[in-house]
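A.B. asks: To be precise about what I am sending: the file is called protein-v6.txt and holds compact mmCIF, C-alpha atoms.
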# COMPACT_ATOMS: atom_id res chain seq x y z
CA MET S 1 43.04 -49.82 -15.71
CA ASN S 2 44.78 -46.53 -16.32
CA SER S 3 48.52 -46.37 -15.63
CA ASP S 4 47.96 -43.46 -13.21
CA LEU S 5 46.96 -46.08 -10.63
CA ASN S 6 49.63 -48.15 -8.89
CA GLN S 7 48.90 -51.74 -9.90
CA ALA S 8 50.15 -53.18 -6.61
CA SER S 9 48.47 -50.90 -4.08
CA GLY S 10 45.61 -49.42 -6.08
CA GLU S 11 46.74 -45.96 -5.03
CA PRO S 12 47.27 -43.12 -7.52
CA ALA S 13 50.79 -43.23 -8.91
CA ALA S 14 51.58 -39.58 -8.26
CA GLY S 15 50.07 -36.54 -6.59
CA PRO S 16 47.17 -38.38 -4.87
CA ASP S 17 43.98 -36.38 -4.57
CA PRO S 18 42.46 -37.14 -1.13
CA GLU S 19 38.98 -37.18 -2.66
CA LEU S 20 37.90 -39.04 -5.79
CA VAL S 21 34.87 -38.99 -8.09
CA VAL S 22 33.41 -41.49 -10.55
CA GLY S 23 31.82 -40.62 -13.87
CA ILE S 24 29.67 -43.11 -15.77
CA ASP S 25 28.53 -43.11 -19.40
CA ALA S 26 25.89 -45.82 -19.73
CA GLY S 27 24.86 -46.22 -23.36
CA GLY S 28 22.88 -48.61 -25.47
CA THR S 29 25.83 -50.88 -26.25
CA ARG S 30 28.22 -50.50 -23.30
CA THR S 31 28.70 -48.94 -19.88
CA ARG S 32 31.94 -47.09 -19.19
CA ALA S 33 33.10 -45.82 -15.79
CA VAL S 34 36.07 -43.56 -15.04
CA LEU S 35 37.77 -42.62 -11.79
CA ALA S 36 39.15 -39.09 -11.43
CA GLY S 37 40.50 -36.69 -8.85
CA ALA S 38 37.83 -34.53 -7.30
CA THR S 39 40.06 -31.45 -7.34
CA ASP S 40 41.90 -31.66 -10.65
CA GLY S 41 39.69 -34.07 -12.63
CA ARG S 42 42.72 -36.13 -13.65
CA LEU S 43 41.76 -39.53 -15.06
CA LEU S 44 43.01 -42.31 -12.78
CA GLY S 45 41.23 -45.45 -13.90
CA GLU S 46 38.50 -46.84 -16.11
CA GLY S 47 36.33 -49.88 -16.53
CA ALA S 48 33.68 -51.09 -18.96
CA ALA S 49 30.80 -53.53 -19.08
CA GLY S 50 27.64 -54.31 -21.04
CA PRO S 51 24.69 -52.09 -22.06
CA GLY S 52 23.38 -49.45 -19.68
CA ASN S 53 20.11 -48.21 -21.15
CA ALA S 54 17.98 -47.52 -18.08
CA LEU S 55 14.72 -48.33 -19.87
CA THR S 56 15.60 -51.43 -21.89
CA VAL S 57 18.13 -53.27 -19.69
CA PRO S 58 16.44 -55.23 -16.86
CA PRO S 59 17.20 -53.69 -13.43
CA ALA S 60 19.20 -56.66 -12.11
CA GLN S 61 21.31 -56.78 -15.25
CA LEU S 62 21.79 -53.00 -15.21
CA THR S 63 23.06 -53.25 -11.63
CA GLU S 64 25.48 -56.00 -12.67
CA HIS S 65 26.85 -53.96 -15.57
CA LEU S 66 27.28 -50.87 -13.40
CA ALA S 67 29.04 -52.84 -10.66
CA GLU S 68 31.38 -54.45 -13.18
CA ALA S 69 32.30 -51.14 -14.84
CA VAL S 70 32.82 -49.27 -11.58
CA ALA S 71 34.83 -52.14 -10.08
CA GLY S 72 37.14 -52.02 -13.07
CA ALA S 73 37.66 -48.29 -12.63
CA VAL S 74 37.96 -48.09 -8.84
CA PRO S 75 40.41 -50.41 -7.02
CA GLU S 76 39.14 -51.74 -3.72
CA GLY S 77 41.84 -49.86 -1.80
CA VAL S 78 40.54 -46.41 -2.78
CA ARG S 79 36.79 -46.97 -2.77
CA GLY S 80 36.47 -45.24 0.61
CA ARG S 81 37.79 -42.02 -0.95
CA VAL S 82 35.01 -41.72 -3.56
CA VAL S 83 32.88 -38.76 -2.51
CA ALA S 84 30.66 -38.27 -5.57
CA VAL S 85 29.35 -40.28 -8.51
CA GLY S 86 27.76 -38.85 -11.64
CA GLY S 87 26.11 -41.03 -14.26
CA GLY S 88 24.75 -40.28 -17.72
CA PHE S 89 22.28 -42.95 -18.84
CA ALA S 90 20.63 -43.73 -22.12
CA GLY S 91 16.90 -43.99 -21.47
CA ALA S 92 16.99 -41.41 -18.67
CA THR S 93 15.80 -38.63 -20.93
CA GLY S 94 12.74 -37.34 -19.07
CA VAL S 95 12.69 -33.75 -17.92
CA ASP S 96 11.78 -34.45 -14.28
CA GLU S 97 13.08 -36.57 -11.43
CA GLY S 98 10.08 -38.90 -11.65
CA ASP S 99 11.06 -40.08 -15.13
CA PRO S 100 11.11 -43.92 -15.12
CA GLY S 101 14.52 -44.04 -16.78
CA ARG S 102 16.07 -41.75 -14.18
CA LEU S 103 14.48 -43.73 -11.33
CA ASN S 104 15.71 -47.04 -12.76
CA ALA S 105 19.21 -45.64 -13.22
CA LEU S 106 19.38 -44.23 -9.68
CA THR S 107 18.11 -47.46 -8.14
CA ALA S 108 20.56 -49.64 -10.05
CA LEU S 109 23.51 -47.28 -9.47
CA THR S 110 22.81 -47.07 -5.73
CA ALA S 111 22.66 -50.86 -5.50
CA ALA S 112 25.88 -51.29 -7.51
CA LEU S 113 27.80 -48.82 -5.32
CA ARG S 114 26.51 -50.46 -2.15
CA ARG S 115 27.70 -53.84 -3.43
CA LEU S 116 31.20 -52.42 -3.98
CA GLY S 117 31.36 -50.70 -0.61
CA ILE S 118 31.31 -47.20 -2.10
CA SER S 119 29.41 -44.83 0.17
CA ALA S 120 29.65 -41.61 -1.83
CA ASP S 121 28.15 -38.52 -0.25
CA SER S 122 26.49 -37.47 -3.51
CA ILE S 123 25.02 -39.45 -6.42
CA ALA S 124 23.58 -37.71 -9.46
CA VAL S 125 21.84 -39.25 -12.46
CA SER S 126 21.43 -37.48 -15.80
CA SER S 127 20.69 -38.52 -19.34
CA ASP S 128 23.57 -39.62 -21.52
CA ILE S 129 22.90 -36.56 -23.68
CA GLU S 130 23.15 -34.18 -20.72
CA ALA S 131 26.45 -35.82 -19.80
CA ALA S 132 27.69 -35.54 -23.39
CA PHE S 133 26.78 -31.83 -23.41
CA ALA S 134 28.79 -31.34 -20.22
CA SER S 135 31.79 -32.98 -21.95
CA ALA S 136 32.26 -29.90 -24.14
CA PRO S 137 35.15 -27.58 -23.30
CA GLY S 138 34.36 -25.43 -20.28
CA THR S 139 31.53 -27.73 -19.13
CA PRO S 140 28.76 -25.45 -20.44
CA ALA S 141 25.53 -25.20 -18.47
CA ASP S 142 23.24 -23.98 -21.25
CA GLY S 143 22.90 -24.59 -24.97
CA LEU S 144 21.88 -27.23 -27.47
CA ALA S 145 22.83 -30.89 -27.71
CA LEU S 146 22.55 -32.98 -30.88
CA VAL S 147 22.99 -36.73 -31.22
CA ALA S 148 23.28 -38.28 -34.67
CA GLY S 149 24.25 -41.93 -34.63
CA THR S 150 21.92 -44.87 -35.03
CA GLY S 151 19.15 -42.53 -33.86
CA ALA S 152 18.85 -38.75 -33.83
CA VAL S 153 17.64 -36.33 -31.17
CA ALA S 154 18.26 -32.74 -30.14
CA MET S 155 17.78 -31.17 -26.72
CA ARG S 156 17.85 -27.75 -25.16
CA ILE S 157 19.96 -27.85 -21.99
CA THR S 158 19.24 -25.27 -19.29
CA ASP S 159 21.26 -25.26 -16.09
CA ARG S 160 22.65 -28.67 -17.15
CA ARG S 161 19.23 -30.32 -17.44
CA CYS S 162 17.09 -31.04 -20.48
CA THR S 163 14.18 -28.62 -20.84
CA ALA S 164 13.03 -29.40 -24.40
CA THR S 165 13.41 -32.35 -26.78
CA VAL S 166 13.02 -32.58 -30.54
CA ASP S 167 12.76 -35.99 -32.26
CA GLY S 168 14.43 -39.05 -30.76
CA ASP S 169 11.09 -40.71 -31.50
CA GLY S 170 12.54 -44.03 -32.62
CA TRP S 171 12.76 -45.79 -35.96
CA LEU S 172 9.01 -46.03 -36.52
CA LEU S 173 8.09 -42.41 -35.85
CA GLY S 174 11.24 -40.33 -36.15
CA ASP S 175 15.04 -40.31 -35.79
CA ASP S 176 15.12 -38.24 -38.98
CA GLY S 177 18.60 -37.82 -40.44
CA SER S 178 20.03 -40.63 -38.31
CA GLY S 179 22.13 -43.61 -39.33
CA PHE S 180 18.97 -45.71 -39.39
CA TRP S 181 17.23 -43.12 -41.57
CA ILE S 182 20.15 -43.05 -44.02
CA GLY S 183 20.33 -46.84 -44.16
CA ARG S 184 16.61 -47.12 -44.76
CA GLU S 185 16.83 -44.56 -47.57
CA ALA S 186 19.60 -46.65 -49.14
CA VAL S 187 17.35 -49.72 -49.20
CA ARG S 188 14.43 -47.66 -50.52
CA ALA S 189 16.62 -46.32 -53.32
CA ALA S 190 17.75 -49.84 -54.18
CA LEU S 191 14.16 -51.12 -54.32
CA ARG S 192 13.09 -48.17 -56.46
CA MET S 193 15.84 -48.84 -58.94
CA ALA S 194 14.75 -52.47 -59.03
CA ASP S 195 11.07 -51.80 -59.64
CA GLY S 196 11.61 -48.92 -62.05
CA ARG S 197 10.44 -46.02 -59.87
CA GLY S 198 13.91 -44.67 -59.16
CA GLY S 199 17.10 -43.82 -60.98
CA ALA S 200 20.28 -45.83 -61.27
CA THR S 201 22.53 -45.92 -58.22
CA VAL S 202 25.52 -47.93 -57.02
CA LEU S 203 23.60 -48.36 -53.76
CA ALA S 204 21.54 -51.18 -55.27
CA GLU S 205 24.60 -53.35 -55.73
CA ALA S 206 26.27 -52.19 -52.50
CA VAL S 207 23.17 -52.89 -50.40
CA GLY S 208 22.66 -56.25 -52.10
CA ARG S 209 26.22 -57.35 -51.40
CA ALA S 210 26.08 -56.11 -47.80
CA LEU S 211 22.93 -58.12 -47.17
CA GLY S 212 24.29 -61.27 -48.78
CA LEU S 213 22.11 -61.44 -51.87
CA PRO S 214 23.10 -63.92 -54.63
CA ALA S 215 25.53 -62.31 -57.07
CA GLU S 216 23.48 -63.27 -60.11
CA CYS S 217 20.58 -60.99 -59.13
CA LEU S 218 22.70 -57.88 -58.51
CA PRO S 219 22.55 -55.02 -61.02
CA GLY S 220 25.34 -54.86 -63.56
CA VAL S 221 26.54 -58.42 -62.90
CA GLY S 222 27.03 -60.18 -66.21
CA SER S 223 25.53 -57.33 -68.25
CA GLY S 224 28.48 -54.96 -68.33
CA GLY S 225 26.01 -52.14 -68.00
CA ARG S 226 27.71 -49.23 -66.28
CA ASP S 227 27.37 -45.48 -66.54
CA GLU S 228 30.82 -43.93 -66.44
CA GLY S 229 29.39 -40.43 -66.74
CA ALA S 230 27.96 -40.30 -63.23
CA GLY S 231 31.10 -38.74 -61.81
CA ALA S 232 34.82 -39.17 -61.38
CA GLY S 233 35.68 -42.61 -60.11
CA SER S 234 32.07 -43.78 -60.22
CA ALA S 235 30.56 -46.72 -62.03
CA THR S 236 26.80 -46.49 -61.63
CA PRO S 237 24.79 -49.43 -62.98
CA VAL S 238 22.56 -48.54 -65.91
CA ALA S 239 18.98 -49.35 -64.91
CA SER S 240 17.99 -50.36 -68.43
CA ASP S 241 20.65 -53.12 -68.48
CA TRP S 242 19.21 -54.78 -65.37
CA SER S 243 16.85 -57.47 -66.63
CA ARG S 244 13.33 -57.72 -65.28
CA VAL S 245 14.10 -61.25 -64.10
CA GLY S 246 17.12 -59.93 -62.22
CA ARG S 247 15.09 -57.13 -60.67
CA GLU S 248 12.38 -59.47 -59.46
CA ALA S 249 14.97 -61.85 -58.01
CA TYR S 250 16.65 -58.92 -56.25
CA ARG S 251 13.41 -57.84 -54.60
CA MET S 252 12.47 -61.42 -53.74
CA HIS S 253 15.75 -61.90 -51.85
CA LEU S 254 16.14 -58.41 -50.37
CA LEU S 255 12.79 -57.94 -48.65
CA PRO S 256 12.88 -61.08 -46.46
CA VAL S 257 16.45 -60.32 -45.35
CA VAL S 258 15.55 -56.79 -44.29
CA MET S 259 12.28 -57.80 -42.59
CA ALA S 260 13.99 -60.54 -40.57
CA GLN S 261 16.34 -58.09 -38.82
CA PRO S 262 15.67 -55.47 -36.14
CA PRO S 263 14.89 -52.23 -38.01
CA THR S 264 17.75 -50.29 -36.43
CA ARG S 265 20.19 -52.72 -38.05
CA LEU S 266 19.68 -50.67 -41.21
CA ALA S 267 22.02 -48.11 -39.65
CA ARG S 268 24.95 -50.32 -40.61
CA LEU S 269 24.24 -49.47 -44.25
CA ALA S 270 24.88 -45.76 -43.68
CA PRO S 271 28.63 -46.05 -44.43
CA LEU S 272 27.72 -47.45 -47.86
CA VAL S 273 25.86 -44.23 -48.61
CA ALA S 274 28.83 -42.15 -47.49
CA GLU S 275 31.15 -44.19 -49.71
CA ALA S 276 28.83 -43.88 -52.70
CA ALA S 277 28.56 -40.14 -52.13
CA ARG S 278 32.35 -39.86 -52.23
CA GLU S 279 32.12 -41.54 -55.66
CA LYS S 280 29.61 -38.81 -56.67
CA ASP S 281 26.65 -41.16 -56.92
CA PRO S 282 23.73 -38.71 -57.31
CA VAL S 283 21.26 -40.76 -55.27
CA ALA S 284 23.69 -41.11 -52.35
CA LEU S 285 24.50 -37.40 -52.47
CA ARG S 286 20.78 -36.60 -52.32
CA ILE S 287 20.26 -38.89 -49.31
CA LEU S 288 23.05 -37.24 -47.32
CA ASP S 289 21.83 -33.78 -48.29
CA GLU S 290 18.34 -34.64 -47.06
CA ALA S 291 19.79 -36.05 -43.82
CA VAL S 292 21.52 -32.72 -43.20
CA ASP S 293 18.23 -30.94 -43.92
CA GLN S 294 16.46 -33.11 -41.35
CA LEU S 295 19.05 -32.45 -38.64
CA THR S 296 18.98 -28.72 -39.42
CA HIS S 297 15.18 -28.68 -39.03
CA THR S 298 15.58 -30.53 -35.73
CA ILE S 299 17.94 -27.87 -34.39
CA ARG S 300 15.78 -25.02 -35.71
CA ALA S 301 12.79 -26.40 -33.80
CA LEU S 302 14.65 -25.58 -30.58
CA GLU S 303 14.67 -21.90 -31.60
CA PRO S 304 18.44 -21.49 -31.32
CA ARG S 305 19.95 -18.15 -30.42
CA PRO S 306 22.98 -17.02 -32.42
CA GLY S 307 26.19 -17.79 -30.61
CA GLU S 308 24.94 -20.46 -28.21
CA PRO S 309 26.86 -23.74 -28.28
CA VAL S 310 25.69 -26.80 -30.19
CA VAL S 311 27.40 -29.86 -28.71
CA ALA S 312 27.19 -32.89 -30.98
CA THR S 313 27.96 -36.55 -30.50
CA GLY S 314 27.47 -39.68 -32.59
CA GLY S 315 29.35 -41.21 -35.49
CA LEU S 316 27.65 -39.20 -38.23
CA LEU S 317 29.02 -35.96 -36.75
CA GLY S 318 32.49 -37.05 -35.63
CA PRO S 319 35.77 -35.77 -37.08
CA ASP S 320 35.36 -38.07 -40.10
CA GLY S 321 31.57 -38.17 -40.07
CA PRO S 322 29.80 -37.82 -43.44
CA LEU S 323 27.45 -35.09 -42.17
CA THR S 324 29.93 -33.01 -40.17
CA ALA S 325 31.07 -30.55 -42.85
CA PRO S 326 27.68 -29.91 -44.51
CA LEU S 327 25.83 -29.56 -41.19
CA THR S 328 28.53 -27.23 -39.85
CA ALA S 329 28.03 -25.03 -42.92
CA ARG S 330 24.23 -25.01 -42.49
CA LEU S 331 24.46 -24.11 -38.81
CA GLN S 332 26.86 -21.28 -39.55
CA THR S 333 24.04 -19.55 -41.44
CA LEU S 334 22.11 -19.61 -38.15
CA GLY S 335 25.06 -18.16 -36.23
CA LEU S 336 25.82 -21.52 -34.62
CA THR S 337 28.97 -23.63 -34.39
CA LEU S 338 29.23 -27.39 -33.92
CA ASP S 339 31.42 -28.76 -31.12
CA TRP S 340 31.78 -32.58 -31.23
CA VAL S 341 32.49 -34.78 -28.20
CA ALA S 342 33.25 -38.50 -28.26
CA ASP S 343 31.00 -39.53 -25.34
CA GLY S 344 29.69 -38.46 -21.96
CA CYS S 345 32.46 -39.73 -19.68
CA THR S 346 34.24 -36.40 -19.39
CA GLY S 347 30.94 -34.67 -18.75
CA ALA S 348 29.89 -37.24 -16.13
CA VAL S 349 33.14 -36.60 -14.27
CA ALA S 350 32.58 -32.85 -14.51
CA LEU S 351 29.05 -33.19 -13.16
CA ALA S 352 30.30 -35.39 -10.30
CA ARG S 353 32.97 -32.82 -9.41
CA LEU S 354 30.28 -30.15 -9.18
CA LEU S 355 28.70 -32.16 -6.36
CA VAL S 356 31.81 -31.98 -4.18
Give the structure from this file in C-alpha cells form.
C.D. replies:
Amino acid sequence: MNSDLNQASGEPAAGPDPELVVGIDAGGTRTRAVLAGATDGRLLGEGAAGPGNALTVPPAQLTEHLAEAVAGAVPEGVRGRVVAVGGGFAGATGVDEGDPGRLNALTALTAALRRLGISADSIAVSSDIEAAFASAPGTPADGLALVAGTGAVAMRITDRRCTATVDGDGWLLGDDGSGFWIGREAVRAALRMADGRGGATVLAEAVGRALGLPAECLPGVGSGGRDEGAGAGSATPVASDWSRVGREAYRMHLLPVVMAQPPTRLARLAPLVAEAAREKDPVALRILDEAVDQLTHTIRALEPRPGEPVVATGGLLGPDGPLTAPLTARLQTLGLTLDWVADGCTGAVALARLLV
C-alpha cells in the first residue's frame, strides 16, 4: 500500500480528499488497482492480483482477482468514500457496449465491488488500450493507440472510445511486428540456416541455447567456424562449417521443443534478436527492420492525420525498447510523434475522475 495512506487508520496521510476514485488496469498477466483523490488525482494506494483478461479468465476467477486487487488498494475504512471506478480490461476491445468482453468485465467488477462494500455512484469499463491511451499527458480524447508487446494492435480512439481496430488478430492470423512475430522470425531464421535456405546468423546458436538444445548440435561448437567480418563485436557462425549431421540434430531437437509450447511463448526470444542486432548481425537487423515496417503499416491503415497523438505501450516501444527509435523516425515522416506510457492505471484513474 502506498505511504500516502495512514497504516493505522486507513485514512489519507495528508490533505484528505472527501471523495475517492479507483482505477483498474486488468491485463493478461496481472490486475492492478489504484486509489486516488477524485479532485486532485493523487495516488493514495495500490493493490495487485492475478490475470484480468475479460475473455479468457473465467468470471468467478476474474471477480476474485478484481476483489483482491481493489481490496489491496482501498482500506476498509475509506471504501464508503469511493464515488467512481474506472477499469481498463484486456479482452474488452469491442466497439459497442454489447461486446462480450465489456459485459464480462462489468459483471465481474460490479460483483467484486459489492463484495467489498463499495457502492460507487459510477462504474465505467473500457478496454485496456483505451485506458492506456488516456494515460498520456493531458488525458487526450482522440488519436491513435499502438500496443507492441507479445501481441500488436493499433486503434483509433474517438471521444475516448475505440472506433477502429487494425490487427490484434492473434498469433495465427496477425500480431505483425509483435514480440511473438519477432521471436517466430528468429526461429525461422535459425531453421533456415540449419537446412541451407538462409544465411549465417548468431540467432541459430542463441535460439538453440535459449531452448535448451544439446551443445554438440549448435552451430560453431567444436568447429571454430566464425565470421569476424559480420560487424564490430560480432561472431557470426559460418554456415559452411556447420556439419550436415549437426544441422539435422539441431532441427530434430528444436522443432519438438517449439511445438510443445504455447505459440506466444516465442515472444521471449525477441530480446535475443535485439541483442544480436546490437552486435550487427545482418539477419537480426533485417528482422527488426521488418517489424518496424509492419507496425508502420498498421498505423498507416488508420489513416493518421499529421499532428494527432500516437500513444504507445508495450515493451518493444518503451524507453529502452528495440523498436522505439526506428519507429519514431518512421512516424515522423508521417507527421506523427510517439508518446509511450507504461500501462493504463493512470488513464483508468483519469477516466474515473471524469465520471465524478
A.B. asks: Just give me the gap between atom CA of S:Ala154 and atom CA of S:Ala312 in Å, one decimal is fine.
C.D. replies: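 Distance reported for this atom pair: 9.0 Å.
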A.B. asks: Residues within 12 Å of S:Arg192, please, as a short mmCIF file (atom, residue, chain, number, x, y, z; two decimals) with C-alpha atoms, in the coordinates of the input. Count all atoms listed in the file; anything in the same chain fewer than 4 positions from it doesn't count.
C.D. replies:
data_model
loop_
_atom_site.label_atom_id
_atom_site.label_comp_id
_atom_site.auth_asym_id
_atom_site.auth_seq_id
_atom_site.Cartn_x
_atom_site.Cartn_y
_atom_site.Cartn_z
CA GLU S 185 16.83 -44.56 -47.57
CA ALA S 186 19.60 -46.65 -49.14
CA VAL S 187 17.35 -49.72 -49.20
CA ARG S 188 14.43 -47.66 -50.52
CA GLY S 196 11.61 -48.92 -62.05
CA ARG S 197 10.44 -46.02 -59.87
CA GLY S 198 13.91 -44.67 -59.16
CA GLY S 199 17.10 -43.82 -60.98
CA ALA S 200 20.28 -45.83 -61.27
CA THR S 201 22.53 -45.92 -58.22
CA LEU S 203 23.60 -48.36 -53.76
CA ALA S 204 21.54 -51.18 -55.27
CA ALA S 239 18.98 -49.35 -64.91
CA ARG S 247 15.09 -57.13 -60.67
CA GLU S 248 12.38 -59.47 -59.46
CA TYR S 250 16.65 -58.92 -56.25
CA ARG S 251 13.41 -57.84 -54.60
CA VAL S 283 21.26 -40.76 -55.27
#
A.B. asks: As JSON, please report the centre and edge lengths, rounded to one decimal in Å, of the axis-aligned box that holds all listed atoms of stretch 150-158 of chain S with 4 Å of padding on each of the six sides.
C.D. replies:
{"center_x": 19.8, "center_y": -35.1, "center_z": -27.2, "size_x": 12.3, "size_y": 27.6, "size_z": 23.7}
A.B. asks: Just the number, please: distance in Å from atom CA of S:Ile157 to atom CA of S:Ala134, one decimal.
C.D. replies: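 So the two atoms, atom CA of S:Ile157 and atom CA of S:Ala134, lie 9.7 Å apart.
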A.B. asks: Show me the residues close to (29.6, -24.1, -30.3) - anything with an atom within 9 Å, counting all atoms listed in the file - and format the list as a PDB file with C-alpha atoms, in the frame of the given file.
C.D. replies:
ATOM      1  CA  ALA S 136      32.260 -29.900 -24.140  1.00  0.00           C
ATOM      2  CA  GLY S 143      22.900 -24.590 -24.970  1.00  0.00           C
ATOM      3  CA  LEU S 144      21.880 -27.230 -27.470  1.00  0.00           C
ATOM      4  CA  GLY S 307      26.190 -17.790 -30.610  1.00  0.00           C
ATOM      5  CA  GLU S 308      24.940 -20.460 -28.210  1.00  0.00           C
ATOM      6  CA  PRO S 309      26.860 -23.740 -28.280  1.00  0.00           C
ATOM      7  CA  VAL S 310      25.690 -26.800 -30.190  1.00  0.00           C
ATOM      8  CA  VAL S 311      27.400 -29.860 -28.710  1.00  0.00           C
ATOM      9  CA  LEU S 336      25.820 -21.520 -34.620  1.00  0.00           C
ATOM     10  CA  THR S 337      28.970 -23.630 -34.390  1.00  0.00           C
ATOM     11  CA  LEU S 338      29.230 -27.390 -33.920  1.00  0.00           C
ATOM     12  CA  ASP S 339      31.420 -28.760 -31.120  1.00  0.00           C
ATOM     13  CA  TRP S 340      31.780 -32.580 -31.230  1.00  0.00           C
TER      14      TRP S 340
END
A.B. asks: Could you please determine the separation between atom CA of S:Gly41 and atom CA of S:Arg81 in Å, to one decimal place?
C.D. replies: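 So the two atoms, atom CA of S:Gly41 and atom CA of S:Arg81, lie 14.3 Å apart.
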A.B. asks: Can you tell me, as a list in words, what residues are no more than 9 Å from S:Leu288 when counting all atoms listed in the file, ignoring any on the same chain fewer than 3 positions away?
C.D. replies: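 Result of the neighbour search: Gly177, Ile182, Val273, Ala274, Ala277, Val283, Ala284, Leu285, Ala291, Val292, Asp293, Pro322 and Leu323 of chain S.
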A.B. asks: Of the candidates S:Asp175, S:Glu130, S:Asp343, S:Glu64, which one gets nearest to S:Gln294 if we count all atoms listed in the file?
C.D. replies: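 The answer is S:Asp175, which sits nearest to S:Gln294.
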A.B. asks: Using all atoms listed in the file, pick whichever of S:Met259, S:Val166, S:Ile24, S:Cys217 has the shortest atom-to-atom distance to S:Val245.
C.D. replies: S:Cys217
